[in-house]
>>> print(open('query_36.cif').read())   # mmCIF, C-alpha atoms
data_run
#
loop_
_atom_site.group_PDB
_atom_site.id
_atom_site.type_symbol
_atom_site.label_atom_id
_atom_site.label_comp_id
_atom_site.auth_asym_id
_atom_site.auth_seq_id
_atom_site.Cartn_x
_atom_site.Cartn_y
_atom_site.Cartn_z
ATOM 1 C CA MET A 1 84.960 78.321 62.435
ATOM 2 C CA ILE A 2 87.617 80.912 63.016
ATOM 3 C CA ARG A 3 91.081 79.394 63.042
ATOM 4 C CA PHE A 4 93.458 80.979 65.443
ATOM 5 C CA VAL A 5 94.664 84.555 64.976
ATOM 6 C CA VAL A 6 98.107 84.787 66.507
ATOM 7 C CA LEU A 7 98.108 86.888 69.663
ATOM 8 C CA SER A 8 101.339 85.475 71.013
ATOM 9 C CA CYS A 9 103.332 88.715 71.115
ATOM 10 C CA LEU A 10 100.576 90.511 72.997
ATOM 11 C CA LEU A 11 100.064 87.663 75.442
ATOM 12 C CA ALA A 12 103.771 87.255 76.005
ATOM 13 C CA SER A 13 104.090 90.913 76.884
ATOM 14 C CA VAL A 14 101.164 90.660 79.306
ATOM 15 C CA PHE A 15 101.988 87.353 80.983
ATOM 16 C CA GLY A 16 105.761 87.277 80.513
ATOM 17 C CA ALA A 17 107.545 84.257 81.952
ATOM 18 C CA ASN A 18 104.313 82.781 83.326
ATOM 19 C CA LEU A 19 103.329 81.705 79.813
ATOM 20 C CA LYS A 20 104.896 78.289 79.106
ATOM 21 C CA PHE A 21 103.755 78.155 75.471
ATOM 22 C CA PHE A 22 102.029 80.606 73.196
ATOM 23 C CA PRO A 23 98.358 79.701 72.551
ATOM 24 C CA LYS A 24 97.719 77.473 69.556
ATOM 25 C CA PRO A 25 97.288 79.825 66.566
ATOM 26 C CA LYS A 26 93.867 79.627 64.915
ATOM 27 C CA LEU A 27 93.487 79.673 61.169
ATOM 28 C CA ASP A 28 92.689 83.040 59.661
ATOM 29 C CA GLY A 29 90.520 82.184 56.756
ATOM 30 C CA ARG A 30 91.054 80.572 53.331
ATOM 31 C CA ILE A 31 92.024 77.713 51.046
ATOM 32 C CA VAL A 32 95.090 79.290 49.458
ATOM 33 C CA GLY A 33 96.702 78.276 46.180
ATOM 34 C CA GLY A 34 93.843 75.967 45.306
ATOM 35 C CA TYR A 35 91.472 75.473 42.412
ATOM 36 C CA VAL A 36 87.727 75.224 41.846
ATOM 37 C CA ILE A 37 86.191 71.753 42.039
ATOM 38 C CA ASN A 38 82.647 70.447 41.747
ATOM 39 C CA ILE A 39 80.901 68.486 44.472
ATOM 40 C CA GLN A 40 81.150 65.351 42.311
ATOM 41 C CA ASP A 41 84.926 65.569 42.788
ATOM 42 C CA ALA A 42 84.523 65.395 46.578
ATOM 43 C CA PRO A 43 80.987 64.071 47.185
ATOM 44 C CA TYR A 44 81.735 63.529 50.873
ATOM 45 C CA GLN A 45 82.262 67.290 51.416
ATOM 46 C CA LEU A 46 79.579 69.037 53.470
ATOM 47 C CA SER A 47 79.019 72.592 54.676
ATOM 48 C CA LEU A 48 78.379 72.707 58.424
ATOM 49 C CA GLN A 49 76.046 75.594 59.173
ATOM 50 C CA ARG A 50 74.998 77.199 62.437
ATOM 51 C CA TYR A 51 71.700 79.039 62.230
ATOM 52 C CA ASN A 52 71.990 78.765 58.425
ATOM 53 C CA TRP A 53 75.444 80.368 58.300
ATOM 54 C CA HIS A 54 78.441 78.422 56.965
ATOM 55 C CA ILE A 55 81.007 78.022 59.750
ATOM 56 C CA CYS A 56 82.975 74.855 58.963
ATOM 57 C CA GLY A 57 83.491 71.980 56.617
ATOM 58 C CA ALA A 58 82.558 68.385 57.443
ATOM 59 C CA SER A 59 82.825 64.919 55.903
ATOM 60 C CA LEU A 60 80.130 62.310 55.345
ATOM 61 C CA ILE A 61 81.358 58.969 56.739
ATOM 62 C CA SER A 62 78.126 56.938 56.447
ATOM 63 C CA ASP A 63 74.463 57.448 55.612
ATOM 64 C CA SER A 64 73.852 58.737 59.151
ATOM 65 C CA TYR A 65 77.123 60.162 60.457
ATOM 66 C CA ILE A 66 79.412 63.123 59.771
ATOM 67 C CA LEU A 67 82.898 63.890 61.069
ATOM 68 C CA THR A 68 84.061 67.441 61.753
ATOM 69 C CA ALA A 69 86.273 69.336 64.221
ATOM 70 C CA ALA A 70 85.274 69.605 67.876
ATOM 71 C CA HIS A 71 86.211 73.290 67.923
ATOM 72 C CA CYS A 72 83.419 73.804 65.359
ATOM 73 C CA THR A 73 80.711 72.377 67.636
ATOM 74 C CA SER A 74 82.018 72.895 71.184
ATOM 75 C CA GLY A 75 79.485 74.601 73.436
ATOM 76 C CA SER A 76 76.631 74.354 70.913
ATOM 77 C CA THR A 77 73.552 72.172 70.715
ATOM 78 C CA ALA A 78 72.578 69.866 67.873
ATOM 79 C CA ASP A 79 69.470 71.863 66.991
ATOM 80 C CA SER A 80 71.585 74.913 66.137
ATOM 81 C CA PHE A 81 73.300 73.042 63.282
ATOM 82 C CA THR A 82 72.421 71.870 59.807
ATOM 83 C CA VAL A 83 74.571 70.586 56.950
ATOM 84 C CA ARG A 84 74.264 71.409 53.274
ATOM 85 C CA ALA A 85 75.042 68.446 51.038
ATOM 86 C CA GLU A 86 75.113 67.765 47.278
ATOM 87 C CA SER A 87 76.183 71.308 46.388
ATOM 88 C CA SER A 88 79.356 72.974 45.155
ATOM 89 C CA PHE A 89 78.162 76.124 46.971
ATOM 90 C CA HIS A 90 77.870 76.517 50.713
ATOM 91 C CA GLY A 91 75.038 79.045 50.450
ATOM 92 C CA ARG A 92 72.679 77.549 47.884
ATOM 93 C CA ASP A 93 71.527 74.449 46.012
ATOM 94 C CA GLY A 94 71.803 70.903 47.271
ATOM 95 C CA VAL A 95 69.913 69.523 50.259
ATOM 96 C CA VAL A 96 69.970 70.778 53.845
ATOM 97 C CA HIS A 97 69.857 68.184 56.634
ATOM 98 C CA LYS A 98 69.159 68.578 60.346
ATOM 99 C CA ILE A 99 71.472 67.251 63.057
ATOM 100 C CA LYS A 100 70.112 64.849 65.671
ATOM 101 C CA ARG A 101 73.075 64.486 68.006
ATOM 102 C CA ILE A 102 76.651 65.675 68.617
ATOM 103 C CA ILE A 103 79.255 63.207 69.867
ATOM 104 C CA GLN A 104 82.263 65.306 70.821
ATOM 105 C CA HIS A 105 85.467 63.464 71.626
ATOM 106 C CA PRO A 106 85.571 63.291 75.439
ATOM 107 C CA GLN A 107 89.251 64.286 75.537
ATOM 108 C CA PHE A 108 88.931 67.381 73.356
ATOM 109 C CA ASP A 109 90.974 70.224 74.857
ATOM 110 C CA TYR A 110 90.214 73.676 73.463
ATOM 111 C CA SER A 111 93.447 75.146 74.838
ATOM 112 C CA THR A 112 95.671 72.646 73.003
ATOM 113 C CA ILE A 113 93.232 71.688 70.203
ATOM 114 C CA ASP A 114 94.021 68.048 70.967
ATOM 115 C CA TYR A 115 91.446 65.369 70.067
ATOM 116 C CA ASP A 116 89.743 67.893 67.779
ATOM 117 C CA PHE A 117 86.938 65.598 66.609
ATOM 118 C CA SER A 118 83.139 65.702 66.660
ATOM 119 C CA ILE A 119 80.784 63.139 65.181
ATOM 120 C CA LEU A 120 77.373 64.451 64.126
ATOM 121 C CA GLU A 121 74.413 62.133 63.698
ATOM 122 C CA LEU A 122 71.918 63.146 61.027
ATOM 123 C CA GLU A 123 68.252 63.340 61.927
ATOM 124 C CA THR A 124 67.401 61.245 58.850
ATOM 125 C CA PRO A 125 69.754 58.934 56.893
ATOM 126 C CA VAL A 126 70.736 60.153 53.440
ATOM 127 C CA THR A 127 70.567 58.377 50.098
ATOM 128 C CA PHE A 128 73.835 58.158 48.181
ATOM 129 C CA ASN A 129 74.236 59.449 44.631
ATOM 130 C CA GLU A 130 76.972 60.931 42.440
ATOM 131 C CA ARG A 131 76.874 64.144 44.475
ATOM 132 C CA LEU A 132 76.745 62.504 47.902
ATOM 133 C CA ARG A 133 78.926 59.584 48.915
ATOM 134 C CA PRO A 134 80.759 58.752 52.164
ATOM 135 C CA ILE A 135 84.521 58.866 52.370
ATOM 136 C CA GLY A 136 86.435 55.842 53.607
ATOM 137 C CA LEU A 137 88.168 55.722 56.978
ATOM 138 C CA PRO A 138 91.696 54.506 57.766
ATOM 139 C CA GLU A 139 92.533 51.693 60.136
ATOM 140 C CA GLN A 140 93.478 52.533 63.715
ATOM 141 C CA ASP A 141 96.984 54.088 63.774
ATOM 142 C CA GLU A 142 97.433 53.614 60.011
ATOM 143 C CA ASP A 143 100.393 55.705 58.892
ATOM 144 C CA VAL A 144 100.597 58.177 56.023
ATOM 145 C CA PRO A 145 104.115 58.308 54.494
ATOM 146 C CA ASP A 146 105.872 61.665 54.325
ATOM 147 C CA ASN A 147 105.348 63.579 51.051
ATOM 148 C CA THR A 148 102.146 61.685 50.220
ATOM 149 C CA ALA A 149 99.966 63.977 48.076
ATOM 150 C CA LEU A 150 96.777 64.840 50.005
ATOM 151 C CA LEU A 151 93.647 66.699 48.935
ATOM 152 C CA VAL A 152 92.161 69.375 51.201
ATOM 153 C CA SER A 153 88.883 71.032 50.262
ATOM 154 C CA GLY A 154 86.449 73.630 51.537
ATOM 155 C CA TRP A 155 84.922 77.076 51.226
ATOM 156 C CA GLY A 156 87.393 79.277 53.105
ATOM 157 C CA ASN A 157 88.669 82.622 51.833
ATOM 158 C CA THR A 158 91.263 82.560 49.061
ATOM 159 C CA GLN A 159 93.391 85.720 49.594
ATOM 160 C CA ASN A 160 92.444 86.682 46.038
ATOM 161 C CA SER A 161 89.628 89.136 45.360
ATOM 162 C CA GLN A 162 89.088 87.557 41.949
ATOM 163 C CA GLU A 163 88.448 84.118 43.451
ATOM 164 C CA SER A 164 85.033 83.569 45.030
ATOM 165 C CA ARG A 165 84.772 81.704 48.324
ATOM 166 C CA GLU A 166 81.218 80.698 47.452
ATOM 167 C CA HIS A 167 82.355 77.828 45.215
ATOM 168 C CA LEU A 168 84.040 74.702 46.573
ATOM 169 C CA ARG A 169 87.822 74.730 46.183
ATOM 170 C CA ALA A 170 90.634 72.272 46.785
ATOM 171 C CA ALA A 171 94.404 72.158 47.039
ATOM 172 C CA ILE A 172 96.924 69.335 46.860
ATOM 173 C CA VAL A 173 99.421 69.412 49.730
ATOM 174 C CA PRO A 174 102.173 66.936 50.706
ATOM 175 C CA LYS A 175 102.167 65.217 54.085
ATOM 176 C CA SER A 176 104.818 66.821 56.298
ATOM 177 C CA ASN A 177 107.301 65.036 58.522
ATOM 178 C CA ASP A 178 105.980 64.882 62.091
ATOM 179 C CA LYS A 179 109.287 65.876 63.689
ATOM 180 C CA VAL A 180 109.767 68.818 61.352
ATOM 181 C CA CYS A 181 106.208 69.996 62.018
ATOM 182 C CA ASN A 182 106.632 69.572 65.753
ATOM 183 C CA THR A 183 109.777 71.708 65.647
ATOM 184 C CA ALA A 184 108.026 74.397 63.582
ATOM 185 C CA TYR A 185 105.318 74.709 66.232
ATOM 186 C CA LYS A 186 107.575 74.313 69.267
ATOM 187 C CA ALA A 187 106.658 77.788 70.540
ATOM 188 C CA TYR A 188 103.014 76.688 70.562
ATOM 189 C CA GLY A 189 103.609 73.425 72.429
ATOM 190 C CA GLY A 190 104.231 71.360 69.291
ATOM 191 C CA ILE A 191 101.910 68.726 67.895
ATOM 192 C CA THR A 192 100.525 65.596 69.541
ATOM 193 C CA PRO A 193 100.082 62.042 68.185
ATOM 194 C CA ARG A 194 96.486 63.026 67.355
ATOM 195 C CA MET A 195 97.749 65.537 64.779
ATOM 196 C CA ILE A 196 99.099 65.275 61.244
ATOM 197 C CA CYS A 197 100.648 68.092 59.197
ATOM 198 C CA ALA A 198 100.552 68.882 55.493
ATOM 199 C CA GLY A 199 101.807 71.719 53.331
ATOM 200 C CA LEU A 200 104.582 72.839 51.015
ATOM 201 C CA PRO A 201 107.781 73.909 52.818
ATOM 202 C CA GLN A 202 107.779 77.135 50.790
ATOM 203 C CA GLY A 203 104.124 77.769 51.589
ATOM 204 C CA GLY A 204 101.579 78.820 49.005
ATOM 205 C CA LYS A 205 98.915 76.142 49.575
ATOM 206 C CA ASP A 206 96.858 75.618 52.714
ATOM 207 C CA ALA A 207 93.439 75.502 54.337
ATOM 208 C CA CYS A 208 92.130 78.010 56.852
ATOM 209 C CA GLN A 209 89.042 79.493 58.497
ATOM 210 C CA GLY A 210 85.803 78.379 56.885
ATOM 211 C CA ASP A 211 87.625 75.166 55.989
ATOM 212 C CA SER A 212 87.978 74.027 59.623
ATOM 213 C CA GLY A 213 86.423 70.602 60.186
ATOM 214 C CA GLY A 214 86.725 69.745 56.511
ATOM 215 C CA PRO A 215 88.484 66.781 54.907
ATOM 216 C CA LEU A 216 92.124 65.999 54.206
ATOM 217 C CA ALA A 217 91.910 62.986 51.935
ATOM 218 C CA HIS A 218 94.121 60.425 50.261
ATOM 219 C CA GLU A 219 92.566 58.247 47.568
ATOM 220 C CA ASP A 220 89.060 58.580 49.035
ATOM 221 C CA VAL A 221 90.231 57.861 52.579
ATOM 222 C CA LEU A 222 89.832 60.535 55.253
ATOM 223 C CA VAL A 223 93.244 60.952 56.859
ATOM 224 C CA GLY A 224 92.758 64.351 58.499
ATOM 225 C CA VAL A 225 90.277 66.971 59.707
ATOM 226 C CA VAL A 226 91.232 70.627 59.176
ATOM 227 C CA SER A 227 92.147 71.907 62.639
ATOM 228 C CA TRP A 228 94.685 74.714 63.204
ATOM 229 C CA GLY A 229 97.875 76.380 62.023
ATOM 230 C CA TYR A 230 99.924 79.565 61.875
ATOM 231 C CA GLY A 231 98.352 81.888 59.329
ATOM 232 C CA CYS A 232 97.629 80.359 55.944
ATOM 233 C CA ALA A 233 100.192 78.991 53.502
ATOM 234 C CA VAL A 234 103.015 80.600 55.499
ATOM 235 C CA PRO A 235 106.480 79.201 54.608
ATOM 236 C CA GLY A 236 107.787 76.850 57.285
ATOM 237 C CA TYR A 237 104.382 76.375 58.942
ATOM 238 C CA PRO A 238 102.358 73.497 57.464
ATOM 239 C CA GLY A 239 98.669 73.210 58.239
ATOM 240 C CA VAL A 240 97.821 71.037 61.232
ATOM 241 C CA TYR A 241 95.027 68.478 60.922
ATOM 242 C CA SER A 242 93.452 66.079 63.387
ATOM 243 C CA ARG A 243 94.739 62.584 62.597
ATOM 244 C CA VAL A 244 91.698 60.397 61.904
ATOM 245 C CA ALA A 245 93.629 57.133 62.269
ATOM 246 C CA SER A 246 94.382 58.026 65.890
ATOM 247 C CA VAL A 247 90.689 57.822 66.842
ATOM 248 C CA ARG A 248 89.422 55.164 64.448
ATOM 249 C CA ASP A 249 88.439 52.860 67.320
ATOM 250 C CA TRP A 250 86.479 55.684 68.989
ATOM 251 C CA ILE A 251 84.620 56.353 65.738
ATOM 252 C CA ARG A 252 83.783 52.661 65.438
ATOM 253 C CA THR A 253 82.583 52.444 69.031
ATOM 254 C CA SER A 254 80.484 55.602 68.661
ATOM 255 C CA THR A 255 78.877 54.784 65.306
ATOM 256 C CA ASN A 256 79.291 51.040 64.594
ATOM 257 C CA ILE A 257 81.019 51.880 61.303
#
>>> encode(input="query_36.cif", output="structure tokens")
Amino acid sequence: MIRFVVLSCLLASVFGANLKFFPKPKLDGRIVGGYVINIQDAPYQLSLQRYNWHICGASLISDSYILTAAHCTSGSTADSFTVRAESSFHGRDGVVHKIKRIIQHPQFDYSTIDYDFSILELETPVTFNERLRPIGLPEQDEDVPDNTALLVSGWGNTQNSQESREHLRAAIVPKSNDKVCNTAYKAYGGITPRMICAGLPQGGKDACQGDSGGPLAHEDVLVGVVSWGYGCAVPGYPGVYSRVASVRDWIRTSTNI
């Protein structure tokens, strides 16, 4: 799903003082500064596809449920989606599964990208193997210490013509300080308690469009869902992810897991 292209200067010129904050910037399209991995390295990684076209990443959290970003599914019906599993490529190999139901977080706000979570129920439960395994979930409000090394993965563009976006890629990014991240995005309304940031201060590694909805993991625990950010790997602007620990109770209530 397209992460936000910054239109703030244009909007500011049109709306002037009536605009309290610039719109949240959507990601513009790539895992940057990453490396090729195989699906066995992240067997929870799925390609979310709409009418057989890769639009977002997603994470397997049980044999019947998937977690992705609400902005990837908002306004669409379950029968328009499938997920490709067990493949290092979003366009071939593996197994394609149909979606039975979408459970979008009831407080999702497209204008602020808050509560950016959707649970998808598979039409048929899957069988686990070395290429398909659920990722663990954190406890409600479980914290991630600053500078913790986190793994983000997906099929977004790479900013390098010699690097294919067809093959699954990953990057290791450190968890950013919440206050520092909030200050960086002050012009866009800052971040909320449902958000977590990660990225190198100097830039160079990040996730973007095509990676939206995908996993931010720490030791096989899903700590974040790729959500939004300013550009990709831009110095001073870490990627913003939906904080899974902030909605753990909602996930449990919705899925019994």
>>> atom_distance(input="query_36.cif", atom1="atom CA of A:Thr127", atom2="atom CA of A:Ala170")
24.6 Å
>>> atom_distance(input="query_36.cif", atom1="atom CA of A:Tyr230", atom2="atom CA of A:Lys179")
16.7 Å
>>> resolve_selection(input="query_36.cif", expression="the PyMOL selection byres ((chain A and resi 108) around 12)", output="list in words")
Ala69, Ala70, His71, Cys72, Thr73, Ser74, Gly75, Ile103, Gln104, His105, Pro106, Gln107, Asp109, Tyr110, Ser111, Thr112, Ile113, Asp114, Tyr115, Asp116, Phe117, Ser118, Arg194, Ser242 and Val247 of chain A
>>> residues_around(input="query_36.cif", residues="A:Leu151", least_positions_apart="5", cutoff="7 Å", atoms="only C-alpha atoms", output="list in words")
Ala170, Ala171, Ile172, Val173, Leu216, Ala217 and His218 of chain A
>>> closest_residue(input="query_36.cif", among="A:Gly154, A:Pro138, A:Gly213, A:Pro201", to="A:Val180", atoms="only C-alpha atoms")
A:Pro201
>>> resolve_selection(input="query_36.cif", expression="the PyMOL selection byres ((chain A and resi 52) around 12)", output="MDAnalysis selection string")
chainID A and resid 47:51 53:56 79:84 90:92 96:98
>>> residues_around(input="query_36.cif", residues="A:Arg252", least_positions_apart="3", cutoff="12 Å", atoms="only C-alpha atoms", output="list in words")
Ile61, Ser62, Tyr65, Ile119, Leu137, Pro138, Glu139, Gln140, Val244, Ala245, Ser246, Val247, Arg248, Asp249, Thr255, Asn256 and Ile257 of chain A
>>> closest_residue(input="query_36.cif", among="A:Leu60, A:Val126, A:Val223, A:Val240", to="A:Ser176", atoms="all atoms listed in the file")
A:Val240
>>> atom_distance(input="query_36.cif", atom1="atom CA of A:Met195", atom2="atom CA of A:Leu122")
26.2 Å
>>> residues_near_point(input="query_36.cif", point="(82.4, 73.4, 46.6)", cutoff="10 Å", atoms="only C-alpha atoms", output="list in words")
Val36, Ile37, Asn38, Ile39, Gln40, Asp41, Ala42, Pro43, Gln45, Leu46, Ser47, Ala85, Glu86, Ser87, Ser88, Phe89, His90, Ser153, Gly154, Trp155, Arg165, Glu166, His167, Leu168, Arg169 and Ala170 of chain A
>>> closest_residue(input="query_36.cif", among="A:Pro193, A:Gly214, A:Pro174, A:Gly239", to="A:Pro145", atoms="all atoms listed in the file")
A:Pro174
>>> closest_residue(input="query_36.cif", among="A:Asp143, A:Glu130, A:Leu150, A:Asn177", to="A:Gly236", atoms="only C-alpha atoms")
A:Asn177
>>> residues_near_point(input="query_36.cif", point="(103.8, 59.4, 49.8)", cutoff="7 Å", atoms="only C-alpha atoms", output="list of chain:residue names")
A:Pro145, A:Asp146, A:Asn147, A:Thr148, A:Ala149
>>> residues_around(input="query_36.cif", residues="A:Glu121", least_positions_apart="4", cutoff="7 Å", atoms="only C-alpha atoms", output="ChimeraX atom specification")
/A:64-66,99-102
>>> closest_residue(input="query_36.cif", among="A:Ala58, A:Val152, A:Trp228, A:Thr68", to="A:Tyr188", atoms="only C-alpha atoms")
A:Trp228
>>> closest_residue(input="query_36.cif", among="A:Leu120, A:Ile135, A:Ile196, A:Leu67", to="A:Glu219", atoms="all atoms listed in the file")
A:Ile135
>>> resolve_selection(input="query_36.cif", expression="the PyMOL selection byres ((chain A and resi 237) around 9)", output="MDAnalysis selection string")
chainID A and resid 181 184:185 199:203 229:236 238:240
>>> decode(input="query_36.cif", residues="stretch 92-135 of chain A", atoms="C-alpha atoms", output="PDB file, in the first residue's frame")
ATOM      1  CA  ARG A  92       5.344 -16.675  -7.519  1.00  0.00           C
ATOM      2  CA  ASP A  93       5.847 -19.966  -5.686  1.00  0.00           C
ATOM      3  CA  GLY A  94       4.460 -20.809  -2.279  1.00  0.00           C
ATOM      4  CA  VAL A  95       0.768 -21.196  -1.491  1.00  0.00           C
ATOM      5  CA  VAL A  96      -2.005 -18.641  -1.965  1.00  0.00           C
ATOM      6  CA  HIS A  97      -4.741 -18.481   0.683  1.00  0.00           C
ATOM      7  CA  LYS A  98      -8.145 -16.800   0.617  1.00  0.00           C
ATOM      8  CA  ILE A  99      -9.331 -14.383   3.304  1.00  0.00           C
ATOM      9  CA  LYS A 100     -12.568 -15.093   5.167  1.00  0.00           C
ATOM     10  CA  ARG A 101     -12.957 -11.960   7.264  1.00  0.00           C
ATOM     11  CA  ILE A 102     -11.369  -8.573   8.027  1.00  0.00           C
ATOM     12  CA  ILE A 103     -11.343  -7.282  11.600  1.00  0.00           C
ATOM     13  CA  GLN A 104     -10.220  -3.669  11.361  1.00  0.00           C
ATOM     14  CA  HIS A 105      -9.414  -1.895  14.603  1.00  0.00           C
ATOM     15  CA  PRO A 106     -12.547   0.126  15.425  1.00  0.00           C
ATOM     16  CA  GLN A 107     -10.504   3.218  16.321  1.00  0.00           C
ATOM     17  CA  PHE A 108      -8.437   3.322  13.134  1.00  0.00           C
ATOM     18  CA  ASP A 109      -8.188   6.912  11.884  1.00  0.00           C
ATOM     19  CA  TYR A 110      -6.962   7.301   8.308  1.00  0.00           C
ATOM     20  CA  SER A 111      -6.155  10.991   8.790  1.00  0.00           C
ATOM     21  CA  THR A 112      -3.777  10.358  11.707  1.00  0.00           C
ATOM     22  CA  ILE A 113      -2.901   6.707  10.924  1.00  0.00           C
ATOM     23  CA  ASP A 114      -3.614   5.914  14.574  1.00  0.00           C
ATOM     24  CA  TYR A 115      -4.628   2.352  15.528  1.00  0.00           C
ATOM     25  CA  ASP A 116      -3.298   1.162  12.163  1.00  0.00           C
ATOM     26  CA  PHE A 117      -4.158  -2.518  12.632  1.00  0.00           C
ATOM     27  CA  SER A 118      -6.238  -5.085  10.753  1.00  0.00           C
ATOM     28  CA  ILE A 119      -6.636  -8.747  11.617  1.00  0.00           C
ATOM     29  CA  LEU A 120      -7.420 -11.052   8.694  1.00  0.00           C
ATOM     30  CA  GLU A 121      -8.984 -14.456   9.230  1.00  0.00           C
ATOM     31  CA  LEU A 122      -7.972 -17.129   6.737  1.00  0.00           C
ATOM     32  CA  GLU A 123     -10.673 -19.109   4.982  1.00  0.00           C
ATOM     33  CA  THR A 124      -8.867 -22.348   5.890  1.00  0.00           C
ATOM     34  CA  PRO A 125      -6.292 -22.864   8.684  1.00  0.00           C
ATOM     35  CA  VAL A 126      -2.726 -23.434   7.530  1.00  0.00           C
ATOM     36  CA  THR A 127      -0.288 -26.187   8.441  1.00  0.00           C
ATOM     37  CA  PHE A 128       3.038 -25.040   9.864  1.00  0.00           C
ATOM     38  CA  ASN A 129       6.380 -26.031   8.356  1.00  0.00           C
ATOM     39  CA  GLU A 130       9.882 -24.582   8.010  1.00  0.00           C
ATOM     40  CA  ARG A 131       8.584 -22.020   5.514  1.00  0.00           C
ATOM     41  CA  LEU A 132       5.442 -21.071   7.432  1.00  0.00           C
ATOM     42  CA  ARG A 133       5.374 -20.418  11.158  1.00  0.00           C
ATOM     43  CA  PRO A 134       3.551 -17.811  13.276  1.00  0.00           C
ATOM     44  CA  ILE A 135       5.427 -15.028  14.991  1.00  0.00           C
TER      45      ILE A 135
END
